[in-house]
>>> print(open('model_31.csv').read())   # CSV, C-alpha atoms
chain,number,residue,atom,x,y,z
A,140,MET,CA,-45.8,6.8,42.3
A,141,THR,CA,-48.3,5.3,39.8
A,142,VAL,CA,-49.8,2.9,42.3
A,143,ARG,CA,-51.7,4.0,45.5
A,144,VAL,CA,-52.2,1.7,48.5
A,145,ASP,CA,-54.9,2.6,51.0
A,146,ARG,CA,-56.1,0.5,54.0
A,147,ASP,CA,-59.6,0.2,55.4
A,148,GLY,CA,-59.6,-2.2,58.3
A,149,ALA,CA,-58.7,-5.7,57.0
A,150,VAL,CA,-59.1,-4.6,53.4
A,151,VAL,CA,-56.3,-3.0,51.3
A,152,VAL,CA,-57.3,-1.0,48.2
A,153,ILE,CA,-54.6,-1.0,45.5
A,154,THR,CA,-55.2,1.7,42.8
A,155,ILE,CA,-53.5,2.0,39.4
A,156,ASP,CA,-53.1,5.8,39.2
A,157,ARG,CA,-52.3,6.8,35.6
A,158,PRO,CA,-55.7,8.2,34.6
A,159,GLU,CA,-54.1,10.2,31.7
A,160,ARG,CA,-53.2,6.8,30.1
A,161,ARG,CA,-56.5,5.1,31.2
A,162,ASN,CA,-54.3,3.4,33.8
A,163,ALA,CA,-52.2,1.6,31.2
A,164,VAL,CA,-49.3,-0.2,32.9
A,165,ASP,CA,-45.7,0.7,32.1
A,166,ARG,CA,-42.6,-1.0,33.5
A,167,THR,CA,-42.5,1.3,36.6
A,168,THR,CA,-46.2,0.7,37.3
A,169,ALA,CA,-45.8,-3.1,36.9
A,170,THR,CA,-43.0,-3.0,39.5
A,171,GLU,CA,-45.1,-0.9,41.9
A,172,LEU,CA,-48.0,-3.3,41.5
A,173,SER,CA,-45.7,-6.2,42.3
A,174,THR,CA,-44.3,-4.5,45.4
A,175,ALA,CA,-47.8,-3.6,46.6
A,176,PHE,CA,-49.2,-7.1,46.3
A,177,HIS,CA,-46.1,-8.8,47.8
A,178,ALA,CA,-46.6,-6.5,50.8
A,179,PHE,CA,-50.3,-7.3,51.0
A,180,ASP,CA,-49.7,-11.0,51.0
A,181,ALA,CA,-47.0,-10.7,53.7
A,182,ASP,CA,-49.1,-8.5,56.0
A,183,GLN,CA,-50.9,-10.7,58.5
A,184,SER,CA,-53.1,-7.9,59.6
A,185,VAL,CA,-55.0,-7.7,56.3
A,186,SER,CA,-57.2,-10.3,54.6
A,187,VAL,CA,-58.5,-9.0,51.2
A,188,ALA,CA,-57.2,-6.7,48.6
A,189,VAL,CA,-59.3,-4.7,46.1
A,190,LEU,CA,-57.6,-3.8,42.8
A,191,THR,CA,-59.0,-0.8,40.9
A,192,GLY,CA,-58.1,2.1,38.6
A,193,ALA,CA,-58.2,5.9,39.1
A,194,GLY,CA,-60.2,8.3,37.0
A,195,GLY,CA,-63.1,6.1,35.8
A,196,ASN,CA,-61.2,3.3,34.1
A,197,PHE,CA,-59.8,0.0,35.4
A,198,CYS,CA,-56.8,-0.6,33.1
A,199,ALA,CA,-56.2,-0.3,29.4
A,200,GLY,CA,-53.4,-2.9,29.3
A,201,PHE,CA,-49.7,-2.4,28.9
A,202,ASP,CA,-48.7,1.1,27.8
A,203,LEU,CA,-48.1,0.6,24.0
A,204,LYS,CA,-46.5,4.0,23.8
A,205,ALA,CA,-43.9,2.8,26.4
A,206,LEU,CA,-43.5,-0.4,24.4
A,207,ALA,CA,-43.0,1.6,21.2
A,208,ALA,CA,-40.4,3.7,22.9
A,209,GLY,CA,-38.4,0.5,23.8
A,210,THR,CA,-39.4,0.3,27.5
A,211,GLY,CA,-41.4,-2.9,27.4
A,212,PRO,CA,-42.4,-5.1,30.3
A,213,SER,CA,-39.8,-6.7,32.5
A,214,VAL,CA,-40.7,-10.0,34.1
A,215,GLY,CA,-39.6,-10.3,37.7
A,216,ALA,CA,-39.3,-13.5,39.8
A,217,GLY,CA,-42.8,-15.0,39.2
A,218,ASP,CA,-44.6,-11.7,38.9
A,219,GLY,CA,-45.5,-11.4,35.2
A,220,PRO,CA,-45.2,-8.6,32.6
A,221,MET,CA,-48.2,-6.7,34.1
A,222,GLY,CA,-46.6,-6.9,37.5
A,223,VAL,CA,-48.5,-9.7,39.3
A,224,SER,CA,-50.1,-12.0,36.7
A,225,TYR,CA,-47.9,-15.0,37.5
A,226,LEU,CA,-48.0,-14.4,41.3
A,227,ARG,CA,-50.1,-16.8,43.4
A,228,LEU,CA,-51.2,-15.1,46.6
A,229,SER,CA,-52.4,-16.7,49.8
A,230,LYS,CA,-55.3,-14.3,50.1
A,231,PRO,CA,-58.1,-13.2,47.8
A,232,VAL,CA,-58.2,-10.1,45.5
A,233,VAL,CA,-61.4,-8.5,44.2
A,234,ALA,CA,-61.3,-6.4,41.0
A,235,ALA,CA,-63.4,-3.2,41.0
A,236,ILE,CA,-64.0,-2.4,37.3
A,237,GLU,CA,-65.2,0.9,35.9
A,238,GLY,CA,-64.8,2.0,32.3
A,239,TYR,CA,-62.2,0.2,30.2
A,240,CYS,CA,-60.8,-3.2,31.3
A,241,VAL,CA,-59.1,-4.3,28.1
A,242,ALA,CA,-56.0,-6.1,26.9
A,243,GLY,CA,-53.5,-6.6,29.7
A,244,GLY,CA,-56.0,-4.9,32.0
A,245,MET,CA,-58.5,-7.7,31.3
A,246,GLU,CA,-55.7,-10.1,32.1
A,247,LEU,CA,-55.2,-8.4,35.5
A,248,ALA,CA,-59.0,-8.6,36.2
A,249,LEU,CA,-58.9,-12.4,35.3
A,250,TRP,CA,-56.0,-12.8,37.8
A,251,CYS,CA,-58.2,-11.5,40.6
A,252,ASP,CA,-60.5,-14.0,42.4
A,253,LEU,CA,-63.7,-12.0,41.9
A,254,ARG,CA,-64.7,-9.2,39.6
A,255,VAL,CA,-67.3,-6.5,40.4
A,256,ALA,CA,-68.0,-4.4,37.2
A,257,ALA,CA,-70.0,-1.3,36.6
A,258,GLU,CA,-72.9,-1.9,34.2
A,259,ASN,CA,-71.3,0.3,31.6
A,260,ALA,CA,-67.8,-1.2,31.8
A,261,VAL,CA,-66.1,-2.3,28.6
A,262,LEU,CA,-64.0,-5.5,28.5
A,263,GLY,CA,-62.1,-7.0,25.6
A,264,ILE,CA,-58.9,-8.3,24.1
A,265,PHE,CA,-58.1,-5.1,22.3
A,266,ASN,CA,-54.4,-5.9,21.9
A,267,ARG,CA,-55.6,-8.3,19.1
A,268,ARG,CA,-55.8,-5.2,16.9
A,269,PHE,CA,-52.1,-4.4,17.3
A,270,GLY,CA,-50.5,-7.8,17.1
A,271,VAL,CA,-49.6,-7.8,20.8
A,272,PRO,CA,-49.8,-11.2,22.4
A,273,LEU,CA,-51.5,-12.3,25.6
A,274,VAL,CA,-48.7,-13.1,28.0
A,275,ASP,CA,-50.3,-12.4,31.4
A,276,GLY,CA,-52.6,-15.4,31.6
A,277,GLY,CA,-55.3,-14.4,29.2
A,278,THR,CA,-55.3,-17.5,27.1
A,279,VAL,CA,-55.5,-19.7,30.2
A,280,ARG,CA,-57.7,-17.9,32.7
A,281,LEU,CA,-60.3,-16.5,30.2
A,282,ALA,CA,-61.3,-20.0,29.1
A,283,ARG,CA,-61.2,-21.5,32.6
A,284,ILE,CA,-63.4,-18.7,33.9
A,285,ALA,CA,-65.8,-18.1,31.0
A,286,GLY,CA,-65.5,-21.2,28.8
A,287,GLN,CA,-63.7,-22.0,25.6
A,288,GLY,CA,-66.4,-20.6,23.3
A,289,LEU,CA,-66.4,-17.0,24.7
A,290,ALA,CA,-62.6,-17.1,25.2
A,291,MET,CA,-62.0,-18.0,21.5
A,292,ASP,CA,-64.5,-15.4,20.4
A,293,LEU,CA,-62.9,-12.6,22.3
A,294,ILE,CA,-59.3,-13.6,21.5
A,295,LEU,CA,-59.9,-14.1,17.8
A,296,THR,CA,-62.1,-11.0,17.1
A,297,GLY,CA,-60.8,-8.5,19.6
A,298,ARG,CA,-64.4,-7.3,20.0
A,299,SER,CA,-65.6,-5.5,23.1
A,300,ILE,CA,-68.0,-7.1,25.6
A,301,GLY,CA,-70.2,-5.3,28.0
A,302,ALA,CA,-70.5,-6.1,31.6
A,303,SER,CA,-74.0,-7.6,31.3
A,304,GLU,CA,-72.8,-10.1,28.7
A,305,ALA,CA,-69.7,-10.8,30.7
A,306,ALA,CA,-71.8,-11.6,33.7
A,307,GLN,CA,-73.9,-14.1,31.8
A,308,HIS,CA,-70.7,-16.1,31.2
A,309,GLY,CA,-69.4,-15.8,34.7
A,310,LEU,CA,-66.6,-13.5,33.6
A,311,VAL,CA,-68.0,-10.8,36.0
A,312,ASN,CA,-69.3,-11.9,39.4
A,313,ARG,CA,-71.3,-8.8,40.4
A,314,LEU,CA,-72.8,-5.9,38.5
A,315,ALA,CA,-72.7,-2.4,40.0
A,316,LYS,CA,-74.3,0.9,39.1
A,317,PRO,CA,-71.9,3.1,37.1
A,318,GLY,CA,-69.5,4.8,39.6
A,319,GLN,CA,-70.3,2.2,42.3
A,320,ALA,CA,-68.0,-0.7,41.5
A,321,LEU,CA,-65.4,0.2,44.1
A,322,GLU,CA,-68.0,0.7,46.8
A,323,ASP,CA,-69.7,-2.6,46.0
A,324,ALA,CA,-66.3,-4.4,45.8
A,325,MET,CA,-65.4,-3.0,49.2
A,326,GLU,CA,-68.6,-4.4,50.7
A,327,LEU,CA,-67.8,-7.8,49.2
A,328,ALA,CA,-64.2,-7.6,50.4
A,329,VAL,CA,-65.3,-6.7,54.0
A,330,ARG,CA,-67.7,-9.6,54.0
A,331,ILE,CA,-65.0,-12.0,52.9
A,332,ALA,CA,-62.6,-10.6,55.5
A,333,SER,CA,-65.2,-11.1,58.2
A,334,PHE,CA,-65.1,-14.9,57.9
A,335,PRO,CA,-62.6,-17.2,59.7
A,336,GLN,CA,-59.5,-16.9,57.5
A,337,ALA,CA,-57.7,-20.2,57.7
A,338,GLY,CA,-60.4,-22.3,56.2
A,339,LEU,CA,-61.3,-19.7,53.6
A,340,ARG,CA,-57.7,-19.4,52.4
A,341,ASN,CA,-57.0,-23.1,52.4
A,342,ASP,CA,-60.3,-23.8,50.5
A,343,ARG,CA,-59.4,-21.1,48.0
A,344,LEU,CA,-55.9,-22.5,47.4
A,345,SER,CA,-57.3,-26.0,47.0
A,346,LEU,CA,-59.7,-24.7,44.3
A,347,ILE,CA,-56.8,-23.0,42.5
A,348,GLU,CA,-54.4,-25.9,42.8
A,349,GLN,CA,-56.8,-28.6,41.6
A,350,TRP,CA,-56.5,-27.3,38.0
A,351,GLY,CA,-53.0,-28.8,37.7
A,352,LEU,CA,-53.8,-32.1,39.4
A,353,PRO,CA,-55.5,-35.4,38.5
A,354,GLU,CA,-58.7,-35.9,40.4
A,355,GLN,CA,-57.3,-38.2,43.1
A,356,GLU,CA,-54.3,-36.0,43.7
A,357,ALA,CA,-56.7,-33.0,43.9
A,358,LEU,CA,-58.8,-34.7,46.5
A,359,ALA,CA,-55.7,-35.6,48.5
A,360,ASN,CA,-54.6,-32.0,48.3
A,361,GLU,CA,-58.0,-30.8,49.4
A,362,LEU,CA,-57.7,-33.1,52.4
A,363,ARG,CA,-54.2,-31.8,53.2
A,364,ARG,CA,-55.5,-28.2,53.1
A,365,GLY,CA,-58.4,-29.2,55.2
A,366,ARG,CA,-56.2,-30.7,57.8
A,367,GLN,CA,-54.2,-27.5,58.0
A,368,THR,CA,-57.5,-25.7,58.8
A,369,VAL,CA,-58.4,-28.2,61.5
A,370,ASP,CA,-54.8,-28.0,62.9
A,371,SER,CA,-55.2,-24.2,63.2
A,372,GLY,CA,-58.0,-24.7,65.7
A,373,GLU,CA,-60.4,-22.6,63.6
A,374,ALA,CA,-62.8,-25.5,62.8
A,375,LEU,CA,-63.1,-26.5,66.5
A,376,GLU,CA,-63.8,-22.9,67.5
A,377,GLY,CA,-66.4,-22.6,64.8
A,378,ALA,CA,-68.1,-25.9,65.9
A,379,ARG,CA,-68.3,-24.5,69.4
A,380,ARG,CA,-69.9,-21.3,68.2
A,381,PHE,CA,-72.4,-23.3,66.2
A,382,ALA,CA,-73.2,-25.5,69.2
A,383,SER,CA,-73.8,-22.4,71.3
A,384,GLY,CA,-76.5,-21.3,68.8
A,385,GLN,CA,-74.6,-18.9,66.5
A,386,GLY,CA,-75.3,-19.0,62.7
A,387,ARG,CA,-78.0,-21.6,62.7
A,388,ARG,CA,-80.6,-21.7,59.9
A,389,GLY,CA,-78.4,-19.6,57.7
A,390,GLU,CA,-78.3,-16.6,60.1
A,391,GLU,CA,-75.5,-14.1,59.7
A,392,ILE,CA,-72.8,-14.4,62.5
>>> encode(input="model_31.csv", output="structure tokens")
Amino acid sequence: MTVRVDRDGAVVVITIDRPERRNAVDRTTATELSTAFHAFDADQSVSVAVLTGAGGNFCAGFDLKALAAGTGPSVGAGDGPMGVSYLRLSKPVVAAIEGYCVAGGMELALWCDLRVAAENAVLGIFNRRFGVPLVDGGTVRLARIAGQGLAMDLILTGRSIGASEAAQHGLVNRLAKPGQALEDAMELAVRIASFPQAGLRNDRLSLIEQWGLPEQEALANELRRGRQTVDSGEALEGARRFASGQGRRGEEI
């Protein structure tokens, strides 16, 4: 097995475990990632996943040695060459990034909802140097998250970018001390998992879905998602808790 799955309460940690390859993904690993995330999305007892890599690196992309040997990526039903990059989950995923997060590994990080990176992490489109295309959402998500200017810079030059610069562009959401990315990502995941989930998931999906919709359709979709939350009873329960004095003036609940 090259993917480990560990559970901590309502959080699942999914670890790419090929440290000898800087967690580069081969066909087998892509399949295991797909299996792990499909299982996470179907499991009603968990709320947030954390994606990370073993041995001090996040992921160095698709394994070019495997590609050179003729065992390139295989795209499953909606999953993507790296295993999950075309998959739209109903629940959030946080990336915990240490070391190298490059090429297809950077595309995996962009697929996640939030990214926590160690201050000495290295990100970049290193596959530019070898003529390997971005086919796991990199040309789409990088610009949407960090802007056209930085996306074009990284895609055309293949240069590396440090976590601090990435954070300035919104490419990284939180910075962590070296070696602490997973711990900080877990704290963030636990906080997200502590909130009422129907509203959180519907608002998240509305945000994702609006990219492909004209404004009026996006607003109608937001209302549809909001009604699903109201119909779940979650909003009424929250209003009752507020009326009883919980969470006022920004206090933690």
>>> atom_distance(input="model_31.csv", atom1="atom CA of Gly238 of chain A", atom2="atom CA of Gly288 of chain A")
24.4 Å
>>> atom_distance(input="model_31.csv", atom1="atom CA of Ile331 of chain A", atom2="atom CA of Asp145 of chain A")
17.9 Å
>>> residues_around(input="model_31.csv", residues="Ile347 of chain A", least_positions_apart="5", cutoff="12 Å", atoms="only C-alpha atoms", output="number ranges by chain")
A: 227-231, 250-252, 280, 283-284, 340-342, 352, 357, 360-361, 364
>>> atom_distance(input="model_31.csv", atom1="atom CA of Val151 of chain A", atom2="atom CA of Leu346 of chain A")
23.1 Å
>>> residues_around(input="model_31.csv", residues="segment 314-322 of chain A", least_positions_apart="5", cutoff="8 Å", atoms="all atoms listed in the file", output="list in words")
Thr191, Gly195, Ala235, Ile236, Glu237, Val255, Ala256, Ala257, Glu258, Asn259, Ala260, Ala302, Ser303 and Ala306 of chain A
>>> residues_around(input="model_31.csv", residues="Leu375 of chain A", least_positions_apart="5", cutoff="12 Å", atoms="only C-alpha atoms", output="NGL selection string")
:A and (335 or 338 or 366 or 368-370 or 380-382)
>>> write_last_selection(input="model_31.csv", atoms="C-alpha atoms", output="PDB file, in the coordinates of the input")
ATOM      1  CA  PRO A 335     -62.600 -17.200  59.700  1.00  0.00           C
ATOM      2  CA  GLY A 338     -60.400 -22.300  56.200  1.00  0.00           C
ATOM      3  CA  ARG A 366     -56.200 -30.700  57.800  1.00  0.00           C
ATOM      4  CA  THR A 368     -57.500 -25.700  58.800  1.00  0.00           C
ATOM      5  CA  VAL A 369     -58.400 -28.200  61.500  1.00  0.00           C
ATOM      6  CA  ASP A 370     -54.800 -28.000  62.900  1.00  0.00           C
ATOM      7  CA  ARG A 380     -69.900 -21.300  68.200  1.00  0.00           C
ATOM      8  CA  PHE A 381     -72.400 -23.300  66.200  1.00  0.00           C
ATOM      9  CA  ALA A 382     -73.200 -25.500  69.200  1.00  0.00           C
TER      10      ALA A 382
END
>>> closest_residue(input="model_31.csv", among="A:Leu249, A:Met140, A:Val152, A:Glu304", to="Val279 of chain A", atoms="only C-alpha atoms")
A:Leu249
>>> closest_residue(input="model_31.csv", among="A:Arg379, A:His177, A:Arg161, A:Lys204", to="Val223 of chain A", atoms="all atoms listed in the file")
A:His177
>>> decode(input="model_31.csv", residues="segment 272-285 of chain A", atoms="all heavy atoms", output="PDB file, in the first residue's frame")
ATOM      1  N   PRO A 272       2.648  17.953 -19.512  1.00  0.00           N
ATOM      2  CA  PRO A 272       1.582  18.946 -19.376  1.00  0.00           C
ATOM      3  C   PRO A 272       0.887  18.893 -18.020  1.00  0.00           C
ATOM      4  O   PRO A 272       0.959  17.901 -17.303  1.00  0.00           O
ATOM      5  CB  PRO A 272       0.603  18.559 -20.486  1.00  0.00           C
ATOM      6  CG  PRO A 272       0.762  17.070 -20.598  1.00  0.00           C
ATOM      7  CD  PRO A 272       2.229  16.819 -20.370  1.00  0.00           C
ATOM      8  N   LEU A 273       0.217  19.966 -17.728  1.00  0.00           N
ATOM      9  CA  LEU A 273      -0.676  20.016 -16.571  1.00  0.00           C
ATOM     10  C   LEU A 273      -2.030  19.456 -17.002  1.00  0.00           C
ATOM     11  O   LEU A 273      -2.698  20.046 -17.854  1.00  0.00           O
ATOM     12  CB  LEU A 273      -0.833  21.453 -16.078  1.00  0.00           C
ATOM     13  CG  LEU A 273       0.413  22.111 -15.486  1.00  0.00           C
ATOM     14  CD1 LEU A 273       0.197  23.608 -15.325  1.00  0.00           C
ATOM     15  CD2 LEU A 273       0.784  21.472 -14.154  1.00  0.00           C
ATOM     16  N   VAL A 274      -2.417  18.337 -16.426  1.00  0.00           N
ATOM     17  CA  VAL A 274      -3.695  17.711 -16.801  1.00  0.00           C
ATOM     18  C   VAL A 274      -4.532  17.363 -15.567  1.00  0.00           C
ATOM     19  O   VAL A 274      -5.515  16.631 -15.668  1.00  0.00           O
ATOM     20  CB  VAL A 274      -3.465  16.441 -17.660  1.00  0.00           C
ATOM     21  CG1 VAL A 274      -2.948  16.808 -19.028  1.00  0.00           C
ATOM     22  CG2 VAL A 274      -2.521  15.463 -16.965  1.00  0.00           C
ATOM     23  N   ASP A 275      -4.138  17.905 -14.399  1.00  0.00           N
ATOM     24  CA  ASP A 275      -4.883  17.652 -13.161  1.00  0.00           C
ATOM     25  C   ASP A 275      -5.428  18.943 -12.578  1.00  0.00           C
ATOM     26  O   ASP A 275      -5.525  19.095 -11.360  1.00  0.00           O
ATOM     27  CB  ASP A 275      -4.001  16.928 -12.145  1.00  0.00           C
ATOM     28  CG  ASP A 275      -3.831  15.453 -12.491  1.00  0.00           C
ATOM     29  OD1 ASP A 275      -4.705  14.658 -12.102  1.00  0.00           O
ATOM     30  OD2 ASP A 275      -2.852  15.116 -13.165  1.00  0.00           O
ATOM     31  N   GLY A 276      -5.808  19.872 -13.454  1.00  0.00           N
ATOM     32  CA  GLY A 276      -6.458  21.096 -13.010  1.00  0.00           C
ATOM     33  C   GLY A 276      -5.536  22.271 -12.775  1.00  0.00           C
ATOM     34  O   GLY A 276      -6.000  23.347 -12.394  1.00  0.00           O
ATOM     35  N   GLY A 277      -4.247  22.120 -13.006  1.00  0.00           N
ATOM     36  CA  GLY A 277      -3.302  23.188 -12.702  1.00  0.00           C
ATOM     37  C   GLY A 277      -3.535  24.468 -13.472  1.00  0.00           C
ATOM     38  O   GLY A 277      -3.429  25.565 -12.920  1.00  0.00           O
ATOM     39  N   THR A 278      -3.857  24.360 -14.761  1.00  0.00           N
ATOM     40  CA  THR A 278      -4.063  25.569 -15.564  1.00  0.00           C
ATOM     41  C   THR A 278      -5.370  26.266 -15.211  1.00  0.00           C
ATOM     42  O   THR A 278      -5.567  27.423 -15.566  1.00  0.00           O
ATOM     43  CB  THR A 278      -4.062  25.246 -17.068  1.00  0.00           C
ATOM     44  OG1 THR A 278      -5.171  24.399 -17.385  1.00  0.00           O
ATOM     45  CG2 THR A 278      -2.769  24.559 -17.486  1.00  0.00           C
ATOM     46  N   VAL A 279      -6.247  25.582 -14.530  1.00  0.00           N
ATOM     47  CA  VAL A 279      -7.542  26.159 -14.144  1.00  0.00           C
ATOM     48  C   VAL A 279      -7.494  26.675 -12.711  1.00  0.00           C
ATOM     49  O   VAL A 279      -7.756  27.857 -12.438  1.00  0.00           O
ATOM     50  CB  VAL A 279      -8.667  25.112 -14.302  1.00  0.00           C
ATOM     51  CG1 VAL A 279     -10.000  25.690 -13.847  1.00  0.00           C
ATOM     52  CG2 VAL A 279      -8.743  24.610 -15.739  1.00  0.00           C
ATOM     53  N   ARG A 280      -7.140  25.809 -11.778  1.00  0.00           N
ATOM     54  CA  ARG A 280      -7.236  26.170 -10.357  1.00  0.00           C
ATOM     55  C   ARG A 280      -6.162  27.157  -9.925  1.00  0.00           C
ATOM     56  O   ARG A 280      -6.414  28.000  -9.058  1.00  0.00           O
ATOM     57  CB  ARG A 280      -7.171  24.904  -9.501  1.00  0.00           C
ATOM     58  CG  ARG A 280      -8.358  23.970  -9.725  1.00  0.00           C
ATOM     59  CD  ARG A 280      -8.377  22.810  -8.738  1.00  0.00           C
ATOM     60  NE  ARG A 280      -9.527  21.961  -8.977  1.00  0.00           N
ATOM     61  CZ  ARG A 280      -9.460  20.727  -9.480  1.00  0.00           C
ATOM     62  NH1 ARG A 280      -8.280  20.191  -9.773  1.00  0.00           N
ATOM     63  NH2 ARG A 280     -10.560  20.024  -9.679  1.00  0.00           N
ATOM     64  N   LEU A 281      -4.970  27.084 -10.499  1.00  0.00           N
ATOM     65  CA  LEU A 281      -3.906  27.993 -10.086  1.00  0.00           C
ATOM     66  C   LEU A 281      -4.309  29.440 -10.338  1.00  0.00           C
ATOM     67  O   LEU A 281      -4.150  30.300  -9.466  1.00  0.00           O
ATOM     68  CB  LEU A 281      -2.607  27.652 -10.822  1.00  0.00           C
ATOM     69  CG  LEU A 281      -1.375  28.495 -10.486  1.00  0.00           C
ATOM     70  CD1 LEU A 281      -1.109  28.504  -8.994  1.00  0.00           C
ATOM     71  CD2 LEU A 281      -0.149  27.980 -11.242  1.00  0.00           C
ATOM     72  N   ALA A 282      -4.854  29.732 -11.517  1.00  0.00           N
ATOM     73  CA  ALA A 282      -5.277  31.099 -11.825  1.00  0.00           C
ATOM     74  C   ALA A 282      -6.471  31.513 -10.970  1.00  0.00           C
ATOM     75  O   ALA A 282      -6.562  32.657 -10.522  1.00  0.00           O
ATOM     76  CB  ALA A 282      -5.618  31.218 -13.305  1.00  0.00           C
ATOM     77  N   ARG A 283      -7.402  30.600 -10.738  1.00  0.00           N
ATOM     78  CA  ARG A 283      -8.587  30.946  -9.959  1.00  0.00           C
ATOM     79  C   ARG A 283      -8.243  31.232  -8.502  1.00  0.00           C
ATOM     80  O   ARG A 283      -8.878  32.067  -7.854  1.00  0.00           O
ATOM     81  CB  ARG A 283      -9.616  29.817 -10.041  1.00  0.00           C
ATOM     82  CG  ARG A 283     -10.259  29.701 -11.411  1.00  0.00           C
ATOM     83  CD  ARG A 283     -11.336  28.640 -11.454  1.00  0.00           C
ATOM     84  NE  ARG A 283     -12.009  28.623 -12.750  1.00  0.00           N
ATOM     85  CZ  ARG A 283     -13.057  27.869 -13.044  1.00  0.00           C
ATOM     86  NH1 ARG A 283     -13.559  27.046 -12.132  1.00  0.00           N
ATOM     87  NH2 ARG A 283     -13.611  27.916 -14.240  1.00  0.00           N
ATOM     88  N   ILE A 284      -7.234  30.546  -7.989  1.00  0.00           N
ATOM     89  CA  ILE A 284      -6.864  30.729  -6.584  1.00  0.00           C
ATOM     90  C   ILE A 284      -5.894  31.894  -6.404  1.00  0.00           C
ATOM     91  O   ILE A 284      -6.068  32.727  -5.511  1.00  0.00           O
ATOM     92  CB  ILE A 284      -6.240  29.434  -6.025  1.00  0.00           C
ATOM     93  CG1 ILE A 284      -7.300  28.322  -5.956  1.00  0.00           C
ATOM     94  CG2 ILE A 284      -5.622  29.669  -4.650  1.00  0.00           C
ATOM     95  CD1 ILE A 284      -6.735  26.953  -5.654  1.00  0.00           C
ATOM     96  N   ALA A 285      -4.875  31.969  -7.267  1.00  0.00           N
ATOM     97  CA  ALA A 285      -3.789  32.932  -7.044  1.00  0.00           C
ATOM     98  C   ALA A 285      -3.741  34.055  -8.071  1.00  0.00           C
ATOM     99  O   ALA A 285      -2.930  34.964  -7.924  1.00  0.00           O
ATOM    100  CB  ALA A 285      -2.450  32.193  -7.020  1.00  0.00           C
TER     101      ALA A 285
END
